[in-house]
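K.L.:
Sharing query24.pdb below, PDB, C-alpha atoms:
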```
ATOM      1  CA  MET A1500     109.810  94.211 107.015
ATOM      2  CA  VAL A1501     108.302  97.598 106.243
ATOM      3  CA  PRO A1502     108.170  99.658 109.426
ATOM      4  CA  THR A1503     106.698 103.109 109.821
ATOM      5  CA  THR A1504     107.215 104.833 113.126
ATOM      6  CA  ASN A1505     106.636 107.943 115.125
ATOM      7  CA  GLU A1506     107.521 108.339 118.789
ATOM      8  CA  THR A1507     104.963 105.936 120.166
ATOM      9  CA  PHE A1508     103.412 104.145 117.197
ATOM     10  CA  ALA A1509     104.996 101.528 114.944
ATOM     11  CA  VAL A1510     103.791  99.239 112.172
ATOM     12  CA  THR A1511     105.930  96.309 111.040
ATOM     13  CA  MET A1512     105.416  93.349 108.728
ATOM     14  CA  PRO A1513     107.471  90.452 110.047
ATOM     15  CA  SER A1514     106.225  88.160 107.267
ATOM     16  CA  ASP A1515     103.887  88.307 104.273
ATOM     17  CA  ARG A1516     100.971  87.113 106.437
ATOM     18  CA  GLU A1517     101.492  89.342 109.452
ATOM     19  CA  VAL A1518     101.104  92.963 110.425
ATOM     20  CA  VAL A1519     102.223  94.066 113.892
ATOM     21  CA  MET A1520     101.372  97.427 115.435
ATOM     22  CA  THR A1521     102.459  98.775 118.782
ATOM     23  CA  ARG A1522     101.510 101.898 120.640
ATOM     24  CA  LEU A1523     102.522 103.211 124.041
ATOM     25  CA  PHE A1524      99.759 104.689 126.215
ATOM     26  CA  ASP A1525     100.296 106.882 129.242
ATOM     27  CA  ALA A1526      97.807 105.012 131.432
ATOM     28  CA  PRO A1527      97.770 101.980 133.734
ATOM     29  CA  ARG A1528      97.380  98.591 132.104
ATOM     30  CA  GLU A1529      94.007  97.821 133.739
ATOM     31  CA  LEU A1530      92.563 101.021 132.333
ATOM     32  CA  VAL A1531      93.910 100.425 128.834
ATOM     33  CA  PHE A1532      92.490  96.910 128.889
ATOM     34  CA  LYS A1533      89.115  98.226 130.037
ATOM     35  CA  ALA A1534      89.013 100.943 127.373
ATOM     36  CA  TYR A1535      89.995  98.409 124.742
ATOM     37  CA  THR A1536      87.375  95.803 125.665
ATOM     38  CA  ASP A1537      84.457  97.556 127.391
ATOM     39  CA  PRO A1538      81.479  97.948 125.011
ATOM     40  CA  GLU A1539      80.752 101.376 126.474
ATOM     41  CA  CYS A1540      84.311 102.499 125.794
ATOM     42  CA  ILE A1541      84.962 101.079 122.312
ATOM     43  CA  PRO A1542      82.728 103.521 120.354
ATOM     44  CA  HIS A1543      84.799 106.385 121.794
ATOM     45  CA  TRP A1544      87.893 105.395 119.885
ATOM     46  CA  TRP A1545      87.435 102.548 117.385
ATOM     47  CA  GLY A1546      88.019 103.557 113.763
ATOM     48  CA  PRO A1547      88.191 106.939 112.060
ATOM     49  CA  ARG A1548      86.527 109.905 113.760
ATOM     50  CA  LEU A1549      84.066 110.442 110.908
ATOM     51  CA  LEU A1550      82.421 107.073 111.492
ATOM     52  CA  THR A1551      79.977 106.210 114.266
ATOM     53  CA  THR A1552      80.495 102.815 115.861
ATOM     54  CA  VAL A1553      77.735 100.761 117.462
ATOM     55  CA  ILE A1554      78.574  97.616 119.446
ATOM     56  CA  GLU A1555      75.839  95.196 118.438
ATOM     57  CA  LYS A1556      77.202  92.147 120.188
ATOM     58  CA  GLN A1557      80.108  91.553 122.495
ATOM     59  CA  GLU A1558      80.491  88.300 124.374
ATOM     60  CA  LEU A1559      83.873  88.756 125.970
ATOM     61  CA  TRP A1560      84.732  85.133 126.705
ATOM     62  CA  PRO A1561      86.370  82.309 124.736
ATOM     63  CA  GLY A1562      83.936  81.197 122.034
ATOM     64  CA  GLY A1563      81.830  84.367 122.419
ATOM     65  CA  GLY A1564      80.945  86.437 119.371
ATOM     66  CA  TRP A1565      81.265  90.160 118.626
ATOM     67  CA  ARG A1566      79.850  92.485 115.989
ATOM     68  CA  PHE A1567      80.542  96.192 115.464
ATOM     69  CA  ALA A1568      78.669  98.330 112.935
ATOM     70  CA  GLN A1569      80.118 101.576 111.631
ATOM     71  CA  THR A1570      78.082 104.258 109.887
ATOM     72  CA  ASP A1571      79.678 106.918 107.698
ATOM     73  CA  PRO A1572      78.317 110.486 107.230
ATOM     74  CA  GLU A1573      76.432 109.365 104.090
ATOM     75  CA  GLY A1574      74.641 106.653 106.034
ATOM     76  CA  SER A1575      76.484 103.626 104.648
ATOM     77  CA  VAL A1576      76.948 100.898 107.232
ATOM     78  CA  TYR A1577      80.034  98.698 107.494
ATOM     79  CA  GLY A1578      79.843  95.569 109.620
ATOM     80  CA  PHE A1579      82.676  93.731 111.332
ATOM     81  CA  HIS A1580      82.404  90.575 113.372
ATOM     82  CA  GLY A1581      84.357  87.697 114.837
ATOM     83  CA  GLU A1582      84.809  85.410 117.775
ATOM     84  CA  TYR A1583      86.843  85.691 120.956
ATOM     85  CA  ARG A1584      89.353  82.904 121.461
ATOM     86  CA  GLU A1585      91.233  84.019 124.573
ATOM     87  CA  VAL A1586      90.354  86.730 127.075
ATOM     88  CA  VAL A1587      92.949  87.203 129.850
ATOM     89  CA  PRO A1588      92.454  90.512 131.706
ATOM     90  CA  PRO A1589      94.446  92.717 131.789
ATOM     91  CA  SER A1590      97.108  91.276 129.525
ATOM     92  CA  ARG A1591      95.757  89.514 126.443
ATOM     93  CA  VAL A1592      92.853  89.154 124.001
ATOM     94  CA  VAL A1593      92.829  86.838 120.986
ATOM     95  CA  SER A1594      89.950  87.128 118.542
ATOM     96  CA  THR A1595      89.041  86.605 114.909
ATOM     97  CA  PHE A1596      88.160  89.573 112.707
ATOM     98  CA  GLU A1597      86.134  89.629 109.518
ATOM     99  CA  PHE A1598      84.997  92.656 107.499
ATOM    100  CA  GLU A1599      81.539  91.868 106.175
ATOM    101  CA  GLY A1600      82.314  93.738 102.958
ATOM    102  CA  ALA A1601      84.828  90.978 102.196
ATOM    103  CA  PRO A1602      83.319  87.843 103.722
ATOM    104  CA  GLY A1603      85.493  84.772 104.152
ATOM    105  CA  HIS A1604      88.702  86.701 104.731
ATOM    106  CA  VAL A1605      89.251  86.039 108.418
ATOM    107  CA  LEU A1606      92.291  87.188 110.337
ATOM    108  CA  VAL A1607      93.340  86.312 113.863
ATOM    109  CA  GLU A1608      94.279  89.251 116.038
ATOM    110  CA  THR A1609      96.311  88.870 119.229
ATOM    111  CA  VAL A1610      96.373  91.984 121.388
ATOM    112  CA  THR A1611      98.721  92.149 124.359
ATOM    113  CA  PHE A1612      99.021  94.788 127.074
ATOM    114  CA  GLU A1613     102.383  95.160 128.811
ATOM    115  CA  GLU A1614     103.473  97.468 131.612
ATOM    116  CA  GLU A1615     106.405  99.672 130.704
ATOM    117  CA  ASP A1616     107.635 102.264 133.228
ATOM    118  CA  GLY A1617     104.136 103.064 134.448
ATOM    119  CA  LYS A1618     102.833 103.211 130.896
ATOM    120  CA  THR A1619     101.177 100.493 128.844
ATOM    121  CA  ARG A1620     102.418  99.077 125.577
ATOM    122  CA  LEU A1621      99.633  97.714 123.415
ATOM    123  CA  THR A1622     100.737  95.325 120.676
ATOM    124  CA  SER A1623      98.339  94.126 118.021
ATOM    125  CA  HIS A1624      99.479  91.153 115.990
ATOM    126  CA  ALA A1625      97.319  90.363 112.953
ATOM    127  CA  LEU A1626      97.771  86.993 111.284
ATOM    128  CA  PHE A1627      96.144  86.785 107.847
ATOM    129  CA  ALA A1628      95.174  83.500 106.186
ATOM    130  CA  ASN A1629      97.452  84.305 103.232
ATOM    131  CA  PRO A1630      99.450  87.212 101.729
ATOM    132  CA  GLU A1631      96.597  88.119  99.359
ATOM    133  CA  ASP A1632      94.278  88.695 102.321
ATOM    134  CA  ARG A1633      96.800  90.957 103.935
ATOM    135  CA  ASN A1634      97.138  92.984 100.772
ATOM    136  CA  GLY A1635      93.391  93.117 100.183
ATOM    137  CA  MET A1636      92.596  94.172 103.722
ATOM    138  CA  MET A1637      92.458  97.894 103.169
ATOM    139  CA  GLU A1638      91.064  97.966  99.636
ATOM    140  CA  ALA A1639      87.545  98.555 100.940
ATOM    141  CA  ASP A1640      88.371 102.111 101.914
ATOM    142  CA  MET A1641      91.291 102.769  99.617
ATOM    143  CA  VAL A1642      91.550 106.459  99.038
ATOM    144  CA  SER A1643      93.104 107.104  95.644
ATOM    145  CA  GLY A1644      96.774 107.809  96.076
ATOM    146  CA  ALA A1645      96.509 111.410  94.979
ATOM    147  CA  ARG A1646      99.931 112.445  96.145
ATOM    148  CA  GLU A1647     102.358 111.933  93.315
ATOM    149  CA  GLY A1648     106.052 112.421  92.939
ATOM    150  CA  LEU A1649     109.127 111.366  94.701
ATOM    151  CA  ASP A1650     108.459 112.844  98.147
ATOM    152  CA  ARG A1651     106.394 109.815  99.138
ATOM    153  CA  LEU A1652     109.202 107.592  97.938
ATOM    154  CA  ALA A1653     111.716 109.511  99.955
ATOM    155  CA  GLU A1654     109.466 109.187 102.996
ATOM    156  CA  LEU A1655     109.031 105.465 102.485
ATOM    157  CA  LEU A1656     112.726 104.900 101.985
ATOM    158  CA  GLU A1657     113.451 106.832 105.145
ATOM    159  CA  THR A1658     111.118 104.606 107.085
ATOM    160  CA  LEU A1659     112.681 101.531 105.474
ATOM    161  CA  ALA A1660     116.193 102.547 106.449
TER
ATOM    162  CA  MET B 423      98.638  96.522  90.853
ATOM    163  CA  SER B 424      97.190  93.093  91.621
ATOM    164  CA  ASP B 425      97.481  91.648  95.126
ATOM    165  CA  ASP B 426      99.985  89.094  93.892
ATOM    166  CA  ARG B 427     102.149  91.830  92.477
ATOM    167  CA  LEU B 428     101.975  93.690  95.782
ATOM    168  CA  SER B 429     103.166  90.528  97.557
ATOM    169  CA  VAL B 430     106.152  90.334  95.214
ATOM    170  CA  VAL B 431     106.954  93.980  95.968
ATOM    171  CA  PHE B 432     106.755  93.435  99.736
ATOM    172  CA  ALA B 433     108.946  90.348  99.443
ATOM    173  CA  ALA B 434     111.513  92.368  97.490
ATOM    174  CA  LEU B 435     111.417  95.104 100.143
ATOM    175  CA  ALA B 436     111.935  92.600 102.952
ATOM    176  CA  ASP B 437     115.721  92.558 102.531
ATOM    177  CA  PRO B 438     117.962  95.314 103.996
ATOM    178  CA  THR B 439     120.504  95.150 101.135
ATOM    179  CA  ARG B 440     117.761  95.605  98.566
ATOM    180  CA  ARG B 441     116.305  98.517 100.531
ATOM    181  CA  ALA B 442     119.751 100.118 100.630
ATOM    182  CA  ILE B 443     120.032  99.654  96.856
ATOM    183  CA  LEU B 444     116.664 101.384  96.387
ATOM    184  CA  GLY B 445     117.810 104.168  98.692
ATOM    185  CA  ARG B 446     120.883 104.687  96.532
ATOM    186  CA  LEU B 447     118.785 104.655  93.331
ATOM    187  CA  ALA B 448     116.402 107.237  94.794
ATOM    188  CA  GLU B 449     119.330 109.664  94.436
ATOM    189  CA  GLY B 450     119.803 108.807  90.754
ATOM    190  CA  GLU B 451     120.712 105.986  88.394
ATOM    191  CA  ALA B 452     123.804 103.894  89.067
ATOM    192  CA  THR B 453     125.774 101.002  87.571
ATOM    193  CA  VAL B 454     125.962  97.572  89.155
ATOM    194  CA  THR B 455     129.554  98.252  90.268
ATOM    195  CA  GLU B 456     128.535 101.543  91.872
ATOM    196  CA  LEU B 457     125.636  99.837  93.618
ATOM    197  CA  ALA B 458     127.899  97.059  94.896
ATOM    198  CA  SER B 459     130.633  99.345  96.266
ATOM    199  CA  PRO B 460     129.089 100.106  99.722
ATOM    200  CA  PHE B 461     128.533  96.389 100.378
ATOM    201  CA  ASP B 462     130.931  93.668 101.356
ATOM    202  CA  ILE B 463     129.371  91.187  98.952
ATOM    203  CA  SER B 464     130.230  89.874  95.495
ATOM    204  CA  LEU B 465     128.968  91.292  92.208
ATOM    205  CA  PRO B 466     126.997  88.107  91.457
ATOM    206  CA  ALA B 467     125.263  88.478  94.842
ATOM    207  CA  ILE B 468     124.369  92.085  93.994
ATOM    208  CA  SER B 469     123.115  90.942  90.582
ATOM    209  CA  LYS B 470     120.808  88.488  92.318
ATOM    210  CA  HIS B 471     119.343  91.269  94.452
ATOM    211  CA  LEU B 472     118.912  93.423  91.352
ATOM    212  CA  LYS B 473     117.045  90.595  89.599
ATOM    213  CA  VAL B 474     114.610  90.361  92.534
ATOM    214  CA  LEU B 475     114.051  94.129  92.419
ATOM    215  CA  GLN B 476     113.618  93.986  88.655
ATOM    216  CA  ARG B 477     111.072  91.166  88.820
ATOM    217  CA  ALA B 478     109.103  93.187  91.370
ATOM    218  CA  GLY B 479     109.103  96.083  88.902
ATOM    219  CA  LEU B 480     110.949  98.292  91.377
ATOM    220  CA  ILE B 481     113.916  99.012  89.095
ATOM    221  CA  GLU B 482     114.792  98.819  85.428
ATOM    222  CA  GLN B 483     118.187  98.241  83.907
ATOM    223  CA  GLY B 484     119.559  99.790  80.716
ATOM    224  CA  ARG B 485     120.312  97.577  77.718
ATOM    225  CA  GLN B 486     123.888  98.616  76.815
ATOM    226  CA  ALA B 487     126.273  95.715  77.408
ATOM    227  CA  GLN B 488     129.008  97.503  79.375
ATOM    228  CA  TRP B 489     127.233 100.436  80.955
ATOM    229  CA  ARG B 490     123.919  99.170  82.280
ATOM    230  CA  PRO B 491     122.676 101.765  84.705
ATOM    231  CA  CYS B 492     119.847 100.815  87.055
ATOM    232  CA  ARG B 493     116.948 103.176  87.593
ATOM    233  CA  LEU B 494     114.184 103.318  90.187
ATOM    234  CA  GLN B 495     110.618 102.632  88.998
ATOM    235  CA  ALA B 496     108.397 104.754  91.198
ATOM    236  CA  GLY B 497     104.951 103.150  90.658
ATOM    237  CA  PRO B 498     105.100  99.842  92.548
ATOM    238  CA  LEU B 499     106.993 101.366  95.450
ATOM    239  CA  ARG B 500     104.379 104.083  95.765
ATOM    240  CA  GLU B 501     101.547 101.553  95.766
ATOM    241  CA  ALA B 502     103.275  99.542  98.481
ATOM    242  CA  ALA B 503     103.679 102.766 100.464
ATOM    243  CA  ASP B 504      99.980 103.565  99.946
ATOM    244  CA  TRP B 505      98.956 100.216 101.368
ATOM    245  CA  VAL B 506     101.027 100.664 104.485
ATOM    246  CA  GLU B 507      99.705 104.209 104.771
ATOM    247  CA  GLN B 508      96.032 103.111 104.663
ATOM    248  CA  TYR B 509      96.504 100.516 107.326
ATOM    249  CA  ARG B 510      98.586 102.805 109.457
ATOM    250  CA  ARG B 511      96.099 105.661 109.166
ATOM    251  CA  PHE B 512      93.125 103.586 110.346
ATOM    252  CA  TRP B 513      94.952 102.319 113.406
ATOM    253  CA  GLU B 514      96.892 105.453 114.155
ATOM    254  CA  GLN B 515      93.600 107.383 114.269
ATOM    255  CA  SER B 516      92.017 104.734 116.487
ATOM    256  CA  PHE B 517      94.997 104.692 118.823
ATOM    257  CA  ASP B 518      95.108 108.494 118.973
ATOM    258  CA  ARG B 519      91.443 108.492 119.931
ATOM    259  CA  LEU B 520      92.058 105.743 122.506
ATOM    260  CA  ASP B 521      94.878 107.839 123.938
ATOM    261  CA  GLU B 522      92.598 110.878 124.289
ATOM    262  CA  TYR B 523      89.852 108.725 125.744
ATOM    263  CA  LEU B 524      92.221 107.260 128.346
ATOM    264  CA  HIS B 525      93.192 110.780 129.413
ATOM    265  CA  GLU B 526      89.509 111.615 129.725
ATOM    266  CA  LEU B 527      88.837 108.501 131.831
ATOM    267  CA  GLN B 528      91.768 109.285 134.106
ATOM    268  CA  ARG B 529      90.567 112.872 134.529
ATOM    269  CA  LYS B 530      87.102 111.642 135.475
ATOM    270  CA  GLU B 531      88.529 109.129 137.946
ATOM    271  CA  GLN B 532      90.457 111.923 139.642
ATOM    272  CA  GLU B 533      87.419 114.203 139.784
ATOM    273  CA  ASP B 534      85.129 111.481 141.093
ATOM    274  CA  GLY B 535      87.617 110.260 143.684
ATOM    275  CA  PRO B 536      88.915 106.728 144.189
ATOM    276  CA  ASP B 537      85.544 105.201 145.112
ATOM    277  CA  HIS B 538      84.004 105.752 141.694
ATOM    278  CA  LYS B 539      84.908 104.559 138.233
TER
END
```
Now, as a test, write the supplied structure out as structure tokens.
P.N.:
Amino acid sequence: MVPTTNETFAVTMPSDREVVMTRLFDAPRELVFKAYTDPECIPHWWGPRLLTTVIEKQELWPGGGWRFAQTDPEGSVYGFHGEYREVVPPSRVVSTFEFEGAPGHVLVETVTFEEEDGKTRLTSHALFANPEDRNGMMEADMVSGAREGLDRLAELLETLA
Amino acid sequence: MSDDRLSVVFAALADPTRRAILGRLAEGEATVTELASPFDISLPAISKHLKVLQRAGLIEQGRQAQWRPCRLQAGPLREAADWVEQYRRFWEQSFDRLDEYLHELQRKEQEDGPDHK
């Protein structure tokens, strides 16, 4: 397990096919669920700030499809799509996720929303088809690891402790 | 580093004893006996952990028969850290934005009163 944490955000890898992220939000569960699933809300937060997200399709019911398109400042478009498997407001969404730049590598994402002292804990559990998919996931926008030296190592080892 | 290699590195990092060994080696090279001393486990057990770390390319061991200090190999560990960092960055940014957006929504709800969304 390789966790990295700050006060409210954590990433863990419980197995070589899974990545789990949690984040605590200071808002009621219904609102977090709405912001997470409403097509008008998603472009406000999905992905890095530099990219513009357009919701091209969103059928929020079991068996329904979704497709998001992101455009970067140079005009390149990145497509993502999948299918909803479970939609249980305001507590749970299960869907598949496929980056069109790497077709055929489909992961299943389970997102849960839990109340916690008036706040909402969002947990995203990604299950990859195999370890290679998990490792390849972020290659599409790999920024070259410019930072050299042992400080990164020290940081990593601290988070591993 | 190939994806397979990265999997081997993550598997090696999945064990708390091996992470503690890497933590010790981040401070400088050490012998097997020195590495074993903080743990309540046998030398052969430590040697097994060291073999896993070695196969993952995370450490190298000197050749001298008696004094075989282990040393950290920075490359694979850094690449594993980079992977986690990429993934984390994408989602941390999204979640930060979602957090801001939720504040905005709540502010609007308050301004508009309870009858409007």
K.L.:
Might you spell out which residues the PyMOL selection byres ((chain A and resi 1605) around 10) would select in the displayed file, as a tab-separated table (two decimals) with C-alpha atoms, in the frame of the given file?
P.N.:
```tsv
chain	number	residue	atom	x	y	z
A	1580	HIS	CA	82.40	90.58	113.37
A	1581	GLY	CA	84.36	87.70	114.84
A	1595	THR	CA	89.04	86.60	114.91
A	1596	PHE	CA	88.16	89.57	112.71
A	1597	GLU	CA	86.13	89.63	109.52
A	1598	PHE	CA	85.00	92.66	107.50
A	1599	GLU	CA	81.54	91.87	106.18
A	1601	ALA	CA	84.83	90.98	102.20
A	1602	PRO	CA	83.32	87.84	103.72
A	1603	GLY	CA	85.49	84.77	104.15
A	1604	HIS	CA	88.70	86.70	104.73
A	1606	LEU	CA	92.29	87.19	110.34
A	1607	VAL	CA	93.34	86.31	113.86
A	1608	GLU	CA	94.28	89.25	116.04
A	1626	LEU	CA	97.77	86.99	111.28
A	1627	PHE	CA	96.14	86.78	107.85
A	1628	ALA	CA	95.17	83.50	106.19
A	1629	ASN	CA	97.45	84.30	103.23
A	1632	ASP	CA	94.28	88.70	102.32
A	1636	MET	CA	92.60	94.17	103.72
```
K.L.:
Mind listing as JSON, numbers by chain which residues of chain B are within 10 Å of chain A, counting all atoms listed in the file?
P.N.:
{"B": [424, 425, 426, 427, 428, 429, 430, 432, 433, 434, 435, 436, 437, 438, 441, 442, 444, 445, 446, 448, 449, 496, 497, 499, 500, 501, 502, 503, 504, 505, 506, 507, 508, 509, 510, 511, 512, 513, 514, 515, 516, 517, 518, 519, 520, 521, 522, 523, 524, 525, 527, 528]}
K.L.:
Expressed in Å to a single decimal, how great is the separation between CA of Thr1609 (chain A) and CA of Arg1591 (chain A)?
P.N.:
7.3 Å
K.L.:
Counting all atoms listed in the file, which residue out of B:Ser469, B:Ser464, B:Gln532, B:Ser459 sits closest to Arg490 (chain B)?
P.N.:
B:Ser469
K.L.:
Kindly give the distance, in Å, that separates CA of Gly1600 (chain A) and CA of Leu1559 (chain A), rounded to a single decimal.
P.N.:
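One can read the CA of Gly1600 (chain A) to CA of Leu1559 (chain A) distance as 23.6 Å.
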K.L.:
Would you pick out the contacts of region 1569-1574 of chain A at 6 Å or less, using all atoms listed in the file, so that residues sharing its chain but fewer than 6 positions from it are not included, and give the list as an NGL selection string?
P.N.:
:A and (1550-1552)
K.L.:
Which is closer to Val1592 (chain A) than all the others in A:Val1576, A:Ala1568, A:Ala1625, A:Leu1549, using only C-alpha atoms?
P.N.:
A:Ala1625
K.L.:
Have a look at CA of Ile481 (chain B) and CA of Leu457 (chain B) and let me know their distance in Å, one decimal.
P.N.:
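Atom-to-atom, CA of Ile481 (chain B) to CA of Leu457 (chain B), that is 12.6 Å.
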K.L.:
So which residues get picked by the PyMOL selection byres ((chain B and resi 493) around 8) here, written as a PDB file with C-alpha atoms, keeping the file's coordinate frame?
P.N.:
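Done, and the output landed in out-v6.pdb:
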```
ATOM      1  CA  LEU B 447     118.785 104.655  93.331  1.00  0.00           C
ATOM      2  CA  GLY B 450     119.803 108.807  90.754  1.00  0.00           C
ATOM      3  CA  GLU B 451     120.712 105.986  88.394  1.00  0.00           C
ATOM      4  CA  ALA B 452     123.804 103.894  89.067  1.00  0.00           C
ATOM      5  CA  ILE B 481     113.916  99.012  89.095  1.00  0.00           C
ATOM      6  CA  GLU B 482     114.792  98.819  85.428  1.00  0.00           C
ATOM      7  CA  GLN B 483     118.187  98.241  83.907  1.00  0.00           C
ATOM      8  CA  PRO B 491     122.676 101.765  84.705  1.00  0.00           C
ATOM      9  CA  CYS B 492     119.847 100.815  87.055  1.00  0.00           C
ATOM     10  CA  LEU B 494     114.184 103.318  90.187  1.00  0.00           C
ATOM     11  CA  GLN B 495     110.618 102.632  88.998  1.00  0.00           C
TER      12      GLN B 495
END
```
K.L.:
Written as a VMD selection string, which residues does the PyMOL selection byres ((chain A and resi 1555) around 10) give for the file shown?
P.N.:
chain A and resid 1538 1552 to 1554 1556 to 1557 1565 to 1568 1578 to 1580
K.L.:
May I have the residues from that selection written out with C-alpha atoms, as a PDB file, keeping the file's coordinate frame?
P.N.:
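Writing done, so here's again-v6.pdb:
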```pdb
ATOM      1  CA  PRO A1538      81.479  97.948 125.011  1.00  0.00           C
ATOM      2  CA  THR A1552      80.495 102.815 115.861  1.00  0.00           C
ATOM      3  CA  VAL A1553      77.735 100.761 117.462  1.00  0.00           C
ATOM      4  CA  ILE A1554      78.574  97.616 119.446  1.00  0.00           C
ATOM      5  CA  LYS A1556      77.202  92.147 120.188  1.00  0.00           C
ATOM      6  CA  GLN A1557      80.108  91.553 122.495  1.00  0.00           C
ATOM      7  CA  TRP A1565      81.265  90.160 118.626  1.00  0.00           C
ATOM      8  CA  ARG A1566      79.850  92.485 115.989  1.00  0.00           C
ATOM      9  CA  PHE A1567      80.542  96.192 115.464  1.00  0.00           C
ATOM     10  CA  ALA A1568      78.669  98.330 112.935  1.00  0.00           C
ATOM     11  CA  GLY A1578      79.843  95.569 109.620  1.00  0.00           C
ATOM     12  CA  PHE A1579      82.676  93.731 111.332  1.00  0.00           C
ATOM     13  CA  HIS A1580      82.404  90.575 113.372  1.00  0.00           C
TER      14      HIS A1580
END
```
K.L.:
Padding 4 Å on each side, edges along x, y and z: where is the centre of the box around the listed atoms of region 426-431 of chain B, and how long are its edges in Å to one decimal? Output it as lines of an AutoDock Vina configuration file.
P.N.:
```
center_x = 103.5
center_y = 91.5
center_z = 95.0
size_x = 15.0
size_y = 12.9
size_z = 13.1
```
